[in-house]
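Engineer: One structure follows; several queries about it will come next.
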Amino acid sequence: MKPNQNTSSGFQENVNETDPYMHPTFITLDASSFPHEGPWRVIIHSLVPLALFAVMLNLGVLGACLVRRFDKPMVFYIALCVIADALWVCVIAATFVHGLLGVKRRVYFTECLVHVYCIDCVIHSQLLIQWIMDVDRYCAIFCPYSYAGWMAKKSRMFFLAFSVISSGIIIKMFDGIFASRLYFCKHELIISEAFCVVGFLLKVSCGGKTSANLHVLIIAYSMNILLTTTIIFTSWRIIRTCTKSSSSKFSNKAVHTCFTQIMVFVVKIGSQMAFIISVRLGEQSIPFRLILYIICMFTSPIADPFIYGLRTKEIRQPLIRLYQRWNFLNFNSNQNNHLKMRV
């Protein structure tokens, strides 16, 4: 007789074990380990209005880009950035809050794979858009004539963005394919989280991990290394050139744009680091892990609209005009109401 088989816990563990199999029907998302009482309940319920606030911020910047009619490539790329941020809030925040409020719920394995694919696609799209913006800024400064000729037609910047983002989305399809090829050795699969990602599926699987793990690591590290080296190189070249330039107007504009992109980069990398740290913590420091999840979800979607809105003239001016027009309409409406009351 095997050890632990005559104990209740050992017997339950053996009963739950089975021969390796693929494509389970259900997966249980168990968020009961997260705090739900006292002030934590208020924090969890406040995530919904916070998500709406983040979406409205991004829609405001998108509206400013539409007013400009994408007259510059950077305006178009900023529009893509805020769309990706809004999608990120809708995908991850909705799933996370639903999981926390549901505490413990069963989802279909295919639904879990859809969550994995959607989350990965949005994250990957955010990084690719950031990379396109860095390359676009570099080309505009150091190859102005070739850049102006290439970007003379708006269709070219649309095609460039579509090609890069589509290639990234197609590559991320392999995450779902590799996840669907995992083997599981338990009847009841429980993930102690509120949502599905590839890393959590790898933890509860018992086979087929190698190829999935390698693919996730290669794609994740490649994308982060590409983005980091690109922004370091382009920023270094721009700052180095501006210090030697005799035109103060050119230097100030180039450095201003450079630091705007650096700020967005730091926000995105910081959010990703918060997510990685929260996953690594596992079952330890669960309240702190919940805070890191919230930081990961909302830092970039809230910070990006403020950074672009305050530091980018092409975005700031339409927003100021919209605000002034709104105040003017409100003033006229109040004046009309006041005259009607007097009559």
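Quick note on naming: the chains in the structure tokens go A, B, ... in the order shown, residues restart at 1 in each chain, and ligands are numbered from 1 in order of appearance.
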Once you count only C-alpha atoms, what closest atom pair and distance in Å to one decimal does each residue of range 144-254 of chain A within 12 Å of range 72-75 of chain A have, with rows by chain and rising residue number, as a tab-separated table?
Structural biologist:
residue	atom	partner	partner_atom	distance
A:Tyr147	CA	A:Pro73	CA	10.4
A:Ala148	CA	A:Pro73	CA	10.4
A:Trp150	CA	A:Pro73	CA	10.9
A:Met151	CA	A:Pro73	CA	7.5
A:Ala152	CA	A:Lys72	CA	9.7
A:Lys153	CA	A:Pro73	CA	10.2
A:Lys154	CA	A:Pro73	CA	7.9
A:Ser155	CA	A:Pro73	CA	10.5
A:Arg156	CA	A:Pro73	CA	9.7
A:Met157	CA	A:Pro73	CA	6.6
A:Phe158	CA	A:Pro73	CA	8.9
A:Phe159	CA	A:Pro73	CA	11.7
A:Leu160	CA	A:Pro73	CA	10.5
A:Ala161	CA	A:Pro73	CA	10.0
Engineer: Export all heavy atoms of the chosen residues as a compact mmCIF listing (two decimals), in the first residue's frame?
Structural biologist:
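Resulting contents of out_14.txt:
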# COMPACT_ATOMS: atom_id res chain seq x y z
N TYR A 147 11.30 60.14 -44.87
CA TYR A 147 10.11 59.94 -44.03
C TYR A 147 8.91 60.69 -44.60
O TYR A 147 7.80 60.16 -44.68
CB TYR A 147 10.42 60.41 -42.61
CG TYR A 147 9.24 60.34 -41.66
CD1 TYR A 147 8.88 59.15 -41.03
CD2 TYR A 147 8.49 61.49 -41.37
CE1 TYR A 147 7.81 59.10 -40.17
CE2 TYR A 147 7.42 61.44 -40.51
CZ TYR A 147 7.08 60.24 -39.91
OH TYR A 147 6.01 60.19 -39.05
N ALA A 148 9.15 61.95 -45.01
CA ALA A 148 8.05 62.75 -45.56
C ALA A 148 7.53 62.14 -46.86
O ALA A 148 6.31 62.12 -47.11
CB ALA A 148 8.53 64.18 -45.81
N TRP A 150 7.66 58.92 -47.68
CA TRP A 150 6.98 57.66 -47.38
C TRP A 150 5.61 57.90 -46.78
O TRP A 150 4.64 57.21 -47.08
CB TRP A 150 7.85 56.83 -46.45
CG TRP A 150 7.15 55.64 -45.88
CD1 TRP A 150 6.65 55.49 -44.62
CD2 TRP A 150 6.84 54.41 -46.55
NE1 TRP A 150 6.07 54.27 -44.45
CE2 TRP A 150 6.17 53.58 -45.63
CE3 TRP A 150 7.05 53.93 -47.85
CZ2 TRP A 150 5.72 52.31 -45.96
CZ3 TRP A 150 6.61 52.66 -48.17
CH2 TRP A 150 5.95 51.87 -47.24
N MET A 151 5.53 58.89 -45.89
CA MET A 151 4.29 59.15 -45.17
C MET A 151 3.38 60.16 -45.88
O MET A 151 2.42 60.65 -45.30
CB MET A 151 4.59 59.65 -43.76
CG MET A 151 5.20 58.59 -42.86
SD MET A 151 4.07 57.18 -42.64
CE MET A 151 5.07 56.11 -41.59
N ALA A 152 3.71 60.50 -47.14
CA ALA A 152 2.86 61.45 -47.87
C ALA A 152 1.45 60.91 -48.05
O ALA A 152 0.49 61.68 -48.09
CB ALA A 152 3.50 61.76 -49.24
N LYS A 153 1.33 59.61 -48.16
CA LYS A 153 0.01 58.99 -48.28
C LYS A 153 -0.35 58.33 -46.95
O LYS A 153 0.42 57.55 -46.40
CB LYS A 153 0.02 57.94 -49.39
CG LYS A 153 0.22 58.52 -50.78
CD LYS A 153 0.16 57.42 -51.84
CE LYS A 153 0.33 58.01 -53.23
NZ LYS A 153 0.27 56.94 -54.28
N LYS A 154 -1.54 58.65 -46.45
CA LYS A 154 -1.97 58.09 -45.17
C LYS A 154 -2.11 56.57 -45.22
O LYS A 154 -1.96 55.89 -44.21
CB LYS A 154 -3.31 58.70 -44.74
CG LYS A 154 -3.22 60.16 -44.33
CD LYS A 154 -4.56 60.65 -43.83
CE LYS A 154 -4.48 62.11 -43.40
NZ LYS A 154 -5.79 62.60 -42.89
N SER A 155 -2.41 56.06 -46.41
CA SER A 155 -2.60 54.61 -46.54
C SER A 155 -1.35 53.83 -46.14
O SER A 155 -1.44 52.70 -45.69
CB SER A 155 -3.00 54.25 -47.96
OG SER A 155 -2.03 54.68 -48.89
N ARG A 156 -0.17 54.45 -46.30
CA ARG A 156 1.06 53.76 -45.96
C ARG A 156 1.22 53.58 -44.46
O ARG A 156 1.65 52.52 -44.01
CB ARG A 156 2.26 54.52 -46.53
CG ARG A 156 2.33 54.45 -48.06
CD ARG A 156 3.46 55.29 -48.60
NE ARG A 156 3.55 55.16 -50.05
CZ ARG A 156 4.37 55.87 -50.81
NH1 ARG A 156 5.17 56.78 -50.26
NH2 ARG A 156 4.39 55.69 -52.12
N MET A 157 0.86 54.61 -43.68
CA MET A 157 0.97 54.44 -42.23
C MET A 157 -0.10 53.46 -41.72
O MET A 157 0.15 52.70 -40.78
CB MET A 157 0.87 55.78 -41.50
CG MET A 157 -0.48 56.46 -41.55
SD MET A 157 -0.45 58.03 -40.63
CE MET A 157 -2.15 58.57 -40.84
N PHE A 158 -1.27 53.45 -42.35
CA PHE A 158 -2.28 52.46 -41.98
C PHE A 158 -1.78 51.05 -42.27
O PHE A 158 -1.93 50.15 -41.44
CB PHE A 158 -3.58 52.72 -42.75
CG PHE A 158 -4.26 54.01 -42.43
CD1 PHE A 158 -5.02 54.68 -43.38
CD2 PHE A 158 -4.16 54.57 -41.17
CE1 PHE A 158 -5.65 55.87 -43.08
CE2 PHE A 158 -4.78 55.76 -40.86
CZ PHE A 158 -5.53 56.42 -41.82
N PHE A 159 -1.17 50.88 -43.45
CA PHE A 159 -0.67 49.57 -43.85
C PHE A 159 0.46 49.12 -42.93
O PHE A 159 0.51 47.95 -42.53
CB PHE A 159 -0.18 49.62 -45.30
CG PHE A 159 0.46 48.34 -45.76
CD1 PHE A 159 -0.33 47.24 -46.08
CD2 PHE A 159 1.84 48.24 -45.86
CE1 PHE A 159 0.26 46.05 -46.50
CE2 PHE A 159 2.43 47.06 -46.28
CZ PHE A 159 1.64 45.97 -46.60
N LEU A 160 1.36 50.03 -42.56
CA LEU A 160 2.47 49.70 -41.68
C LEU A 160 1.96 49.22 -40.31
O LEU A 160 2.38 48.18 -39.81
CB LEU A 160 3.39 50.91 -41.51
CG LEU A 160 4.54 50.76 -40.51
CD1 LEU A 160 5.51 49.67 -40.96
CD2 LEU A 160 5.27 52.10 -40.33
N ALA A 161 1.06 50.00 -39.72
CA ALA A 161 0.53 49.63 -38.41
C ALA A 161 -0.25 48.32 -38.47
O ALA A 161 -0.10 47.45 -37.60
CB ALA A 161 -0.37 50.75 -37.88
Engineer: Show me, as a Markdown table, the residues of range 109-151 of chain A having an atom within 9 Å of range 257-276 of chain A, each with the closest atom pair and its distance in Å, using only C-alpha atoms.
Structural biologist:
| residue | atom | partner | partner_atom | distance |
| --- | --- | --- | --- | --- |
| A:Gln126 | CA | A:Lys268 | CA | 8.4 |
| A:Leu127 | CA | A:Lys268 | CA | 8.0 |
| A:Gln130 | CA | A:Phe265 | CA | 7.4 |
| A:Met133 | CA | A:Gln261 | CA | 8.0 |
| A:Asp134 | CA | A:Gln261 | CA | 7.2 |
| A:Arg137 | CA | A:Thr257 | CA | 8.0 |
Engineer: Once you have the residues from the selection above, write them out as a short mmCIF file (atom, residue, chain, number, x, y, z; two decimals), in the first residue's frame, restricted to N, CA and C atoms.
Structural biologist:
data_model
loop_
_atom_site.label_atom_id
_atom_site.label_comp_id
_atom_site.auth_asym_id
_atom_site.auth_seq_id
_atom_site.Cartn_x
_atom_site.Cartn_y
_atom_site.Cartn_z
N GLN A 126 -0.05 46.53 -27.43
CA GLN A 126 0.43 47.72 -26.75
C GLN A 126 1.92 47.92 -26.96
N LEU A 127 2.69 46.83 -26.81
CA LEU A 127 4.14 46.92 -26.97
C LEU A 127 4.53 47.21 -28.41
N GLN A 130 3.90 50.82 -29.23
CA GLN A 130 4.96 51.63 -28.63
C GLN A 130 6.24 51.56 -29.47
N MET A 133 5.89 53.67 -32.63
CA MET A 133 6.01 55.10 -32.33
C MET A 133 7.47 55.51 -32.13
N ASP A 134 8.27 54.65 -31.49
CA ASP A 134 9.69 54.95 -31.30
C ASP A 134 10.41 55.00 -32.64
N ARG A 137 9.33 58.13 -34.62
CA ARG A 137 9.98 59.34 -34.11
C ARG A 137 11.44 59.43 -34.58
#
Engineer: So which residues touch Arg316 in chain A within 12 Å, counting only C-alpha atoms, skipping near sequence neighbours fewer than 2 positions away, as a PyMOL selection string?
Structural biologist: chain A and resi 60-65+67-68+75+305-314+318-323
Engineer: If we count only C-alpha atoms, what is near Leu290 in chain A at a cut-off of 10 Å, once residues fewer than 2 positions away on the same chain are taken out, given as a CSV table (one decimal) with N, CA, C and O atoms, in the first residue's frame?
Structural biologist:
chain,number,residue,atom,x,y,z
A,34,PHE,N,-8.2,35.8,-2.1
A,34,PHE,CA,-8.1,37.2,-2.1
A,34,PHE,C,-9.0,37.8,-1.0
A,34,PHE,O,-10.1,37.3,-0.8
A,35,PRO,N,-8.6,38.9,-0.4
A,35,PRO,CA,-9.4,39.5,0.6
A,35,PRO,C,-10.7,40.1,0.0
A,35,PRO,O,-10.6,40.7,-1.0
A,40,TRP,N,-11.5,46.1,1.6
A,40,TRP,CA,-11.2,45.4,0.4
A,40,TRP,C,-12.4,45.3,-0.5
A,40,TRP,O,-12.4,45.3,-1.7
A,44,ILE,N,-12.7,46.6,-4.3
A,44,ILE,CA,-13.1,45.7,-5.4
A,44,ILE,C,-14.3,46.3,-6.2
A,44,ILE,O,-14.3,46.4,-7.4
A,278,SER,N,3.6,40.0,-9.2
A,278,SER,CA,2.4,39.5,-8.5
A,278,SER,C,2.2,38.0,-8.8
A,278,SER,O,1.8,37.2,-8.0
A,285,SER,N,1.7,36.8,0.5
A,285,SER,CA,1.3,38.3,0.4
A,285,SER,C,0.2,38.5,-0.6
A,285,SER,O,0.3,39.3,-1.5
A,286,ILE,N,-0.9,37.9,-0.3
A,286,ILE,CA,-2.1,38.0,-1.2
A,286,ILE,C,-2.6,39.4,-1.3
A,286,ILE,O,-2.9,39.9,-2.4
A,287,PRO,N,-2.8,40.1,-0.2
A,287,PRO,CA,-3.3,41.5,-0.3
A,287,PRO,C,-2.3,42.4,-1.2
A,287,PRO,O,-2.8,43.2,-2.0
A,288,PHE,N,-1.0,42.2,-1.0
A,288,PHE,CA,-0.1,42.9,-1.8
A,288,PHE,C,-0.2,42.5,-3.3
A,288,PHE,O,0.0,43.4,-4.2
A,292,LEU,N,-0.9,44.8,-6.6
A,292,LEU,CA,-0.1,44.8,-7.8
A,292,LEU,C,-0.9,44.6,-9.1
A,292,LEU,O,-0.7,45.1,-10.1
A,293,TYR,N,-1.9,43.7,-8.9
A,293,TYR,CA,-2.9,43.4,-10.1
A,293,TYR,C,-3.6,44.7,-10.5
A,293,TYR,O,-3.7,45.0,-11.7
A,294,ILE,N,-4.1,45.5,-9.5
A,294,ILE,CA,-4.8,46.7,-9.8
A,294,ILE,C,-3.9,47.7,-10.4
A,294,ILE,O,-4.2,48.4,-11.4
A,295,ILE,N,-2.6,47.8,-9.9
A,295,ILE,CA,-1.6,48.7,-10.5
A,295,ILE,C,-1.4,48.3,-12.0
A,295,ILE,O,-1.3,49.2,-12.9
A,296,CYS,N,-1.2,47.0,-12.2
A,296,CYS,CA,-1.0,46.5,-13.6
A,296,CYS,C,-2.2,46.8,-14.5
A,296,CYS,O,-2.0,47.2,-15.7
Engineer: Near Ser33 in chain A, within 12 Å and counting only C-alpha atoms, which residues show up once chain neighbours fewer than 5 positions away are dropped, as a ChimeraX atom specification?
Structural biologist: /A:99-100,103-104,191-194,282-287,289-290
Engineer: Would you list the contacts of Gly168 in chain A as a JSON list (two decimals) with N, CA, C and O atoms, in the first residue's frame, taking every protein, DNA or RNA residue within 10 Å and counting only C-alpha atoms, but skipping same-chain residues closer than 3 positions in sequence?
Structural biologist:
[["chain", "number", "residue", "atom", "x", "y", "z"],
["A", 120, "ASP", "N", -3.22, 38.23, -24.07],
["A", 120, "ASP", "CA", -1.91, 38.25, -24.72],
["A", 120, "ASP", "C", -1.90, 39.16, -25.93],
["A", 120, "ASP", "O", -0.92, 39.88, -26.18],
["A", 121, "CYS", "N", -2.97, 39.14, -26.72],
["A", 121, "CYS", "CA", -3.04, 39.98, -27.92],
["A", 121, "CYS", "C", -3.02, 41.46, -27.57],
["A", 121, "CYS", "O", -2.32, 42.25, -28.22],
["A", 122, "VAL", "N", -3.76, 41.84, -26.55],
["A", 122, "VAL", "CA", -3.80, 43.26, -26.17],
["A", 122, "VAL", "C", -2.45, 43.71, -25.63],
["A", 122, "VAL", "O", -1.95, 44.79, -26.00],
["A", 124, "HIS", "N", 0.50, 42.40, -26.27],
["A", 124, "HIS", "CA", 1.44, 42.41, -27.38],
["A", 124, "HIS", "C", 1.19, 43.60, -28.29],
["A", 124, "HIS", "O", 2.15, 44.24, -28.78],
["A", 125, "SER", "N", -0.06, 43.94, -28.54],
["A", 125, "SER", "CA", -0.39, 45.09, -29.38],
["A", 125, "SER", "C", 0.09, 46.40, -28.75],
["A", 125, "SER", "O", 0.59, 47.29, -29.45],
["A", 127, "LEU", "N", 2.69, 46.83, -26.81],
["A", 127, "LEU", "CA", 4.14, 46.92, -26.97],
["A", 127, "LEU", "C", 4.53, 47.21, -28.41],
["A", 127, "LEU", "O", 5.46, 47.98, -28.68],
["A", 128, "LEU", "N", 3.84, 46.58, -29.36],
["A", 128, "LEU", "CA", 4.16, 46.80, -30.77],
["A", 128, "LEU", "C", 3.84, 48.24, -31.20],
["A", 128, "LEU", "O", 4.60, 48.84, -31.97],
["A", 162, "PHE", "N", -1.06, 48.17, -39.51],
["A", 162, "PHE", "CA", -1.84, 46.94, -39.66],
["A", 162, "PHE", "C", -0.93, 45.72, -39.82],
["A", 162, "PHE", "O", -1.17, 44.67, -39.22],
["A", 163, "SER", "N", 0.13, 45.85, -40.60],
["A", 163, "SER", "CA", 1.03, 44.72, -40.84],
["A", 163, "SER", "C", 1.76, 44.31, -39.57],
["A", 163, "SER", "O", 1.83, 43.11, -39.24],
["A", 164, "VAL", "N", 2.28, 45.29, -38.83],
["A", 164, "VAL", "CA", 3.05, 44.98, -37.62],
["A", 164, "VAL", "C", 2.15, 44.37, -36.54],
["A", 164, "VAL", "O", 2.48, 43.34, -35.94],
["A", 165, "ILE", "N", 0.99, 45.00, -36.30],
["A", 165, "ILE", "CA", 0.10, 44.51, -35.24],
["A", 165, "ILE", "C", -0.48, 43.15, -35.63],
["A", 165, "ILE", "O", -0.59, 42.25, -34.77],
["A", 171, "ILE", "N", 1.27, 35.69, -34.26],
["A", 171, "ILE", "CA", 2.27, 34.98, -33.45],
["A", 171, "ILE", "C", 1.67, 34.57, -32.11],
["A", 171, "ILE", "O", 1.91, 33.46, -31.62],
["A", 172, "LYS", "N", 0.86, 35.44, -31.51],
["A", 172, "LYS", "CA", 0.27, 35.12, -30.21],
["A", 172, "LYS", "C", -0.78, 34.02, -30.29],
["A", 172, "LYS", "O", -1.17, 33.46, -29.26],
["A", 173, "MET", "N", -1.24, 33.70, -31.50],
["A", 173, "MET", "CA", -2.18, 32.58, -31.64],
["A", 173, "MET", "C", -1.54, 31.27, -31.18],
["A", 173, "MET", "O", -2.24, 30.37, -30.70],
["A", 219, "ILE", "N", 8.94, 34.64, -26.98],
["A", 219, "ILE", "CA", 8.16, 35.77, -27.50],
["A", 219, "ILE", "C", 8.18, 36.94, -26.51],
["A", 219, "ILE", "O", 8.39, 38.10, -26.90],
["A", 223, "MET", "N", 10.14, 40.44, -27.37],
["A", 223, "MET", "CA", 9.38, 41.67, -27.51],
["A", 223, "MET", "C", 9.90, 42.74, -26.55],
["A", 223, "MET", "O", 10.07, 43.91, -26.95]]
Engineer: Looking only at the backbone, which of the residues in range 112-308 of chain A does DSSP tag as strand (DSSP E), as a list of chain:residue names?
Structural biologist: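 Restricting range 112-308 of chain A to strand (DSSP E) produces A:Phe184, A:Cys185, A:Lys186, A:Ile190, A:Ile191.
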Engineer: Suppose we keep N, CA and C atoms; can you now write the selection as a tab-separated table (two decimals), in the first residue's frame?
Structural biologist:
chain	number	residue	atom	x	y	z
A	184	PHE	N	-3.12	17.26	-18.49
A	184	PHE	CA	-3.54	17.48	-17.11
A	184	PHE	C	-3.74	16.13	-16.42
A	185	CYS	N	-3.45	16.09	-15.12
A	185	CYS	CA	-3.46	14.82	-14.38
A	185	CYS	C	-4.44	14.84	-13.21
A	186	LYS	N	-5.37	15.77	-13.20
A	186	LYS	CA	-6.35	15.83	-12.11
A	186	LYS	C	-7.74	15.99	-12.71
A	190	ILE	N	-8.05	23.40	-10.59
A	190	ILE	CA	-8.34	24.63	-9.85
A	190	ILE	C	-7.17	25.60	-10.02
A	191	ILE	N	-7.49	26.80	-10.50
A	191	ILE	CA	-6.52	27.89	-10.58
A	191	ILE	C	-6.90	28.91	-9.52
Engineer: DSSP on the backbone: which residues in range 104-278 of chain A end up as alpha helix (DSSP H)? Give the answer as a PyMOL selection string.
Structural biologist: chain A and resi 109-142+144-150+154-180+198-204+209-244+248-278
